[in-house]
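First the structure, in the form of structure tokens, and then the observations on it.
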Amino acid sequence: MVRIRGKIGDWPVDLTLELDAQEWALLAGSVQIETPAPEAASRAAPVASAEDSRWQVAQDLLRQAQQMDGPQLLADLAALAGSVQAGKRLLVRLRHCPQVKLESGGETPIYRWIEG
């Protein structure tokens, strides 16, 4: 049995997974863990991906604005990311970010930056 507790945004999560021995064996057989050699891990320098930099810019955008309605924020994120789909992914990440509070703004949600 595995129990997962935490939060997704403001929502509490309490999930319990129960697997029998055969299911655990099947799961263990499908997981491949690759451990890099210690010297290779120490040589590898962290490189910021384009997605990481877009995520940082998305947070900065809302932080500077302090609050934005959902449609405007999505439009800005889509322009930033280069597509509506990528903008939606950033919007979902913001929705679950601990520094972002989602409020009802009538017909559209309001994303508000809060200092944590």
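In the structure tokens, the first chain shown is A, the next is B, and so on; residue numbers restart at 1 for each chain, and ligands run from 1 in the order shown.
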Apply DSSP to the backbone of this structure and, from chain A, keep only the residues in strand (DSSP E or B); write these as a PDB file with N, CA, C and O atoms, in the first residue's frame.
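Generated output (selection_0.pdb):
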```
ATOM      1  N   VAL A   2       0.537   2.218  -0.812  1.00  0.00           N
ATOM      2  CA  VAL A   2       1.240   3.486  -0.898  1.00  0.00           C
ATOM      3  C   VAL A   2       0.225   4.589  -0.649  1.00  0.00           C
ATOM      4  O   VAL A   2      -0.843   4.592  -1.247  1.00  0.00           O
ATOM      5  N   ARG A   3       0.569   5.505   0.238  1.00  0.00           N
ATOM      6  CA  ARG A   3      -0.326   6.624   0.525  1.00  0.00           C
ATOM      7  C   ARG A   3       0.358   7.918   0.112  1.00  0.00           C
ATOM      8  O   ARG A   3       1.506   8.155   0.458  1.00  0.00           O
ATOM      9  N   ILE A   4      -0.365   8.728  -0.629  1.00  0.00           N
ATOM     10  CA  ILE A   4       0.164   9.992  -1.128  1.00  0.00           C
ATOM     11  C   ILE A   4      -0.701  11.103  -0.540  1.00  0.00           C
ATOM     12  O   ILE A   4      -1.913  11.106  -0.718  1.00  0.00           O
ATOM     13  N   ARG A   5      -0.036  12.024   0.155  1.00  0.00           N
ATOM     14  CA  ARG A   5      -0.747  13.163   0.740  1.00  0.00           C
ATOM     15  C   ARG A   5      -0.083  14.447   0.273  1.00  0.00           C
ATOM     16  O   ARG A   5       1.121  14.506   0.106  1.00  0.00           O
ATOM     17  N   GLY A   6      -0.865  15.453   0.082  1.00  0.00           N
ATOM     18  CA  GLY A   6      -0.311  16.740  -0.321  1.00  0.00           C
ATOM     19  C   GLY A   6      -1.421  17.684  -0.715  1.00  0.00           C
ATOM     20  O   GLY A   6      -2.563  17.538  -0.286  1.00  0.00           O
ATOM     21  N   LYS A   7      -1.053  18.662  -1.545  1.00  0.00           N
ATOM     22  CA  LYS A   7      -2.017  19.641  -2.014  1.00  0.00           C
ATOM     23  C   LYS A   7      -1.786  19.902  -3.480  1.00  0.00           C
ATOM     24  O   LYS A   7      -0.662  19.879  -3.951  1.00  0.00           O
ATOM     25  N   ILE A   8      -2.853  20.136  -4.196  1.00  0.00           N
ATOM     26  CA  ILE A   8      -2.811  20.626  -5.569  1.00  0.00           C
ATOM     27  C   ILE A   8      -3.517  21.971  -5.509  1.00  0.00           C
ATOM     28  O   ILE A   8      -4.736  22.032  -5.390  1.00  0.00           O
ATOM     29  N   TRP A  11      -6.419  22.548  -2.980  1.00  0.00           N
ATOM     30  CA  TRP A  11      -7.149  21.308  -2.750  1.00  0.00           C
ATOM     31  C   TRP A  11      -6.267  20.273  -2.064  1.00  0.00           C
ATOM     32  O   TRP A  11      -5.193  19.925  -2.557  1.00  0.00           O
ATOM     33  N   PRO A  12      -6.743  19.710  -0.952  1.00  0.00           N
ATOM     34  CA  PRO A  12      -5.972  18.647  -0.300  1.00  0.00           C
ATOM     35  C   PRO A  12      -6.108  17.342  -1.087  1.00  0.00           C
ATOM     36  O   PRO A  12      -7.137  17.069  -1.699  1.00  0.00           O
ATOM     37  N   VAL A  13      -5.036  16.558  -1.093  1.00  0.00           N
ATOM     38  CA  VAL A  13      -5.022  15.278  -1.790  1.00  0.00           C
ATOM     39  C   VAL A  13      -4.646  14.195  -0.780  1.00  0.00           C
ATOM     40  O   VAL A  13      -3.689  14.336  -0.033  1.00  0.00           O
ATOM     41  N   ASP A  14      -5.413  13.134  -0.729  1.00  0.00           N
ATOM     42  CA  ASP A  14      -5.110  11.973   0.111  1.00  0.00           C
ATOM     43  C   ASP A  14      -5.472  10.751  -0.721  1.00  0.00           C
ATOM     44  O   ASP A  14      -6.635  10.423  -0.888  1.00  0.00           O
ATOM     45  N   LEU A  15      -4.452  10.112  -1.294  1.00  0.00           N
ATOM     46  CA  LEU A  15      -4.649   9.014  -2.236  1.00  0.00           C
ATOM     47  C   LEU A  15      -3.975   7.760  -1.692  1.00  0.00           C
ATOM     48  O   LEU A  15      -2.827   7.804  -1.253  1.00  0.00           O
ATOM     49  N   THR A  16      -4.684   6.652  -1.716  1.00  0.00           N
ATOM     50  CA  THR A  16      -4.124   5.379  -1.285  1.00  0.00           C
ATOM     51  C   THR A  16      -4.168   4.401  -2.449  1.00  0.00           C
ATOM     52  O   THR A  16      -5.211   4.218  -3.073  1.00  0.00           O
ATOM     53  N   LEU A  17      -3.012   3.799  -2.746  1.00  0.00           N
ATOM     54  CA  LEU A  17      -2.919   2.791  -3.796  1.00  0.00           C
ATOM     55  C   LEU A  17      -2.642   1.441  -3.143  1.00  0.00           C
ATOM     56  O   LEU A  17      -1.707   1.310  -2.354  1.00  0.00           O
ATOM     57  N   GLN A  67      -2.235  40.754 -10.661  1.00  0.00           N
ATOM     58  CA  GLN A  67      -3.438  39.977 -10.946  1.00  0.00           C
ATOM     59  C   GLN A  67      -3.808  40.151 -12.410  1.00  0.00           C
ATOM     60  O   GLN A  67      -3.557  41.193 -13.000  1.00  0.00           O
ATOM     61  N   MET A  68      -4.371  39.072 -12.977  1.00  0.00           N
ATOM     62  CA  MET A  68      -4.819  39.109 -14.374  1.00  0.00           C
ATOM     63  C   MET A  68      -6.017  38.190 -14.510  1.00  0.00           C
ATOM     64  O   MET A  68      -6.100  37.169 -13.821  1.00  0.00           O
ATOM     65  N   ASP A  69      -6.924  38.543 -15.425  1.00  0.00           N
ATOM     66  CA  ASP A  69      -8.028  37.624 -15.681  1.00  0.00           C
ATOM     67  C   ASP A  69      -7.528  36.501 -16.589  1.00  0.00           C
ATOM     68  O   ASP A  69      -6.546  36.657 -17.316  1.00  0.00           O
ATOM     69  N   VAL A 100       0.316  31.502  -6.425  1.00  0.00           N
ATOM     70  CA  VAL A 100      -0.818  31.978  -7.222  1.00  0.00           C
ATOM     71  C   VAL A 100      -2.127  31.561  -6.554  1.00  0.00           C
ATOM     72  O   VAL A 100      -2.307  30.413  -6.186  1.00  0.00           O
ATOM     73  N   LYS A 101      -3.011  32.537  -6.425  1.00  0.00           N
ATOM     74  CA  LYS A 101      -4.339  32.259  -5.883  1.00  0.00           C
ATOM     75  C   LYS A 101      -5.342  32.480  -7.011  1.00  0.00           C
ATOM     76  O   LYS A 101      -5.320  33.506  -7.688  1.00  0.00           O
ATOM     77  N   LEU A 102      -6.204  31.527  -7.207  1.00  0.00           N
ATOM     78  CA  LEU A 102      -7.229  31.591  -8.246  1.00  0.00           C
ATOM     79  C   LEU A 102      -8.538  32.030  -7.599  1.00  0.00           C
ATOM     80  O   LEU A 102      -8.984  31.425  -6.624  1.00  0.00           O
ATOM     81  N   GLU A 103      -9.118  33.099  -8.124  1.00  0.00           N
ATOM     82  CA  GLU A 103     -10.356  33.627  -7.570  1.00  0.00           C
ATOM     83  C   GLU A 103     -11.409  33.709  -8.660  1.00  0.00           C
ATOM     84  O   GLU A 103     -11.090  33.833  -9.836  1.00  0.00           O
ATOM     85  N   SER A 104     -12.648  33.682  -8.238  1.00  0.00           N
ATOM     86  CA  SER A 104     -13.748  33.819  -9.174  1.00  0.00           C
ATOM     87  C   SER A 104     -13.920  35.295  -9.498  1.00  0.00           C
ATOM     88  O   SER A 104     -14.026  36.121  -8.607  1.00  0.00           O
ATOM     89  N   GLY A 105     -13.943  35.585 -10.791  1.00  0.00           N
ATOM     90  CA  GLY A 105     -14.123  36.964 -11.216  1.00  0.00           C
ATOM     91  C   GLY A 105     -15.350  37.113 -12.083  1.00  0.00           C
ATOM     92  O   GLY A 105     -15.277  37.691 -13.156  1.00  0.00           O
ATOM     93  N   THR A 108     -15.003  35.002 -15.610  1.00  0.00           N
ATOM     94  CA  THR A 108     -13.631  34.585 -15.868  1.00  0.00           C
ATOM     95  C   THR A 108     -12.865  34.476 -14.557  1.00  0.00           C
ATOM     96  O   THR A 108     -13.103  35.253 -13.623  1.00  0.00           O
ATOM     97  N   PRO A 109     -11.949  33.519 -14.468  1.00  0.00           N
ATOM     98  CA  PRO A 109     -11.141  33.408 -13.250  1.00  0.00           C
ATOM     99  C   PRO A 109     -10.115  34.540 -13.184  1.00  0.00           C
ATOM    100  O   PRO A 109      -9.676  35.054 -14.210  1.00  0.00           O
ATOM    101  N   ILE A 110      -9.760  34.915 -11.966  1.00  0.00           N
ATOM    102  CA  ILE A 110      -8.743  35.928 -11.733  1.00  0.00           C
ATOM    103  C   ILE A 110      -7.541  35.219 -11.103  1.00  0.00           C
ATOM    104  O   ILE A 110      -7.672  34.533 -10.093  1.00  0.00           O
ATOM    105  N   TYR A 111      -6.384  35.380 -11.741  1.00  0.00           N
ATOM    106  CA  TYR A 111      -5.140  34.824 -11.213  1.00  0.00           C
ATOM    107  C   TYR A 111      -4.450  35.940 -10.441  1.00  0.00           C
ATOM    108  O   TYR A 111      -4.152  36.995 -10.985  1.00  0.00           O
ATOM    109  N   ARG A 112      -4.186  35.703  -9.162  1.00  0.00           N
ATOM    110  CA  ARG A 112      -3.584  36.720  -8.296  1.00  0.00           C
ATOM    111  C   ARG A 112      -2.275  36.183  -7.732  1.00  0.00           C
ATOM    112  O   ARG A 112      -2.207  35.077  -7.236  1.00  0.00           O
ATOM    113  N   TRP A 113      -1.218  36.999  -7.841  1.00  0.00           N
ATOM    114  CA  TRP A 113       0.090  36.620  -7.309  1.00  0.00           C
ATOM    115  C   TRP A 113       0.120  36.973  -5.831  1.00  0.00           C
ATOM    116  O   TRP A 113      -0.222  38.084  -5.434  1.00  0.00           O
TER     117      TRP A 113
END
```
Please identify all polymer residues within 8 Å of Leu90 in chain A, counting only C-alpha atoms, omitting same-chain residues fewer than 6 positions from it, and present them as a ChimeraX atom specification.
/A:55,58,77
Selection export as a short mmCIF file (atom, residue, chain, number, x, y, z; two decimals), in the first residue's frame, atoms kept: N, CA, C and O atoms:
```
data_model
loop_
_atom_site.label_atom_id
_atom_site.label_comp_id
_atom_site.auth_asym_id
_atom_site.auth_seq_id
_atom_site.Cartn_x
_atom_site.Cartn_y
_atom_site.Cartn_z
N TRP A 55 8.81 29.32 -18.09
CA TRP A 55 8.12 29.21 -16.81
C TRP A 55 8.51 30.39 -15.92
O TRP A 55 7.67 31.00 -15.27
N ALA A 58 6.80 33.45 -17.23
CA ALA A 58 5.36 33.40 -16.92
C ALA A 58 5.10 33.83 -15.49
O ALA A 58 4.17 34.61 -15.22
N LEU A 77 0.40 34.38 -22.25
CA LEU A 77 1.23 33.17 -22.15
C LEU A 77 1.36 32.48 -23.50
O LEU A 77 2.43 31.95 -23.83
#
```
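Shortest separation to Gln56 in chain A among A:Gln85, A:Glu115, A:Pro71, A:Leu94 occurs at residue A:Leu94, atoms counted being only C-alpha atoms.
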Quick check for you: according to DSSP on this backbone, which residues of chain A are classed as helix (DSSP H, G or I)? Reply as a PyMOL selection string.
chain A and resi 21-30+38-43+50-65+70-81+84-95
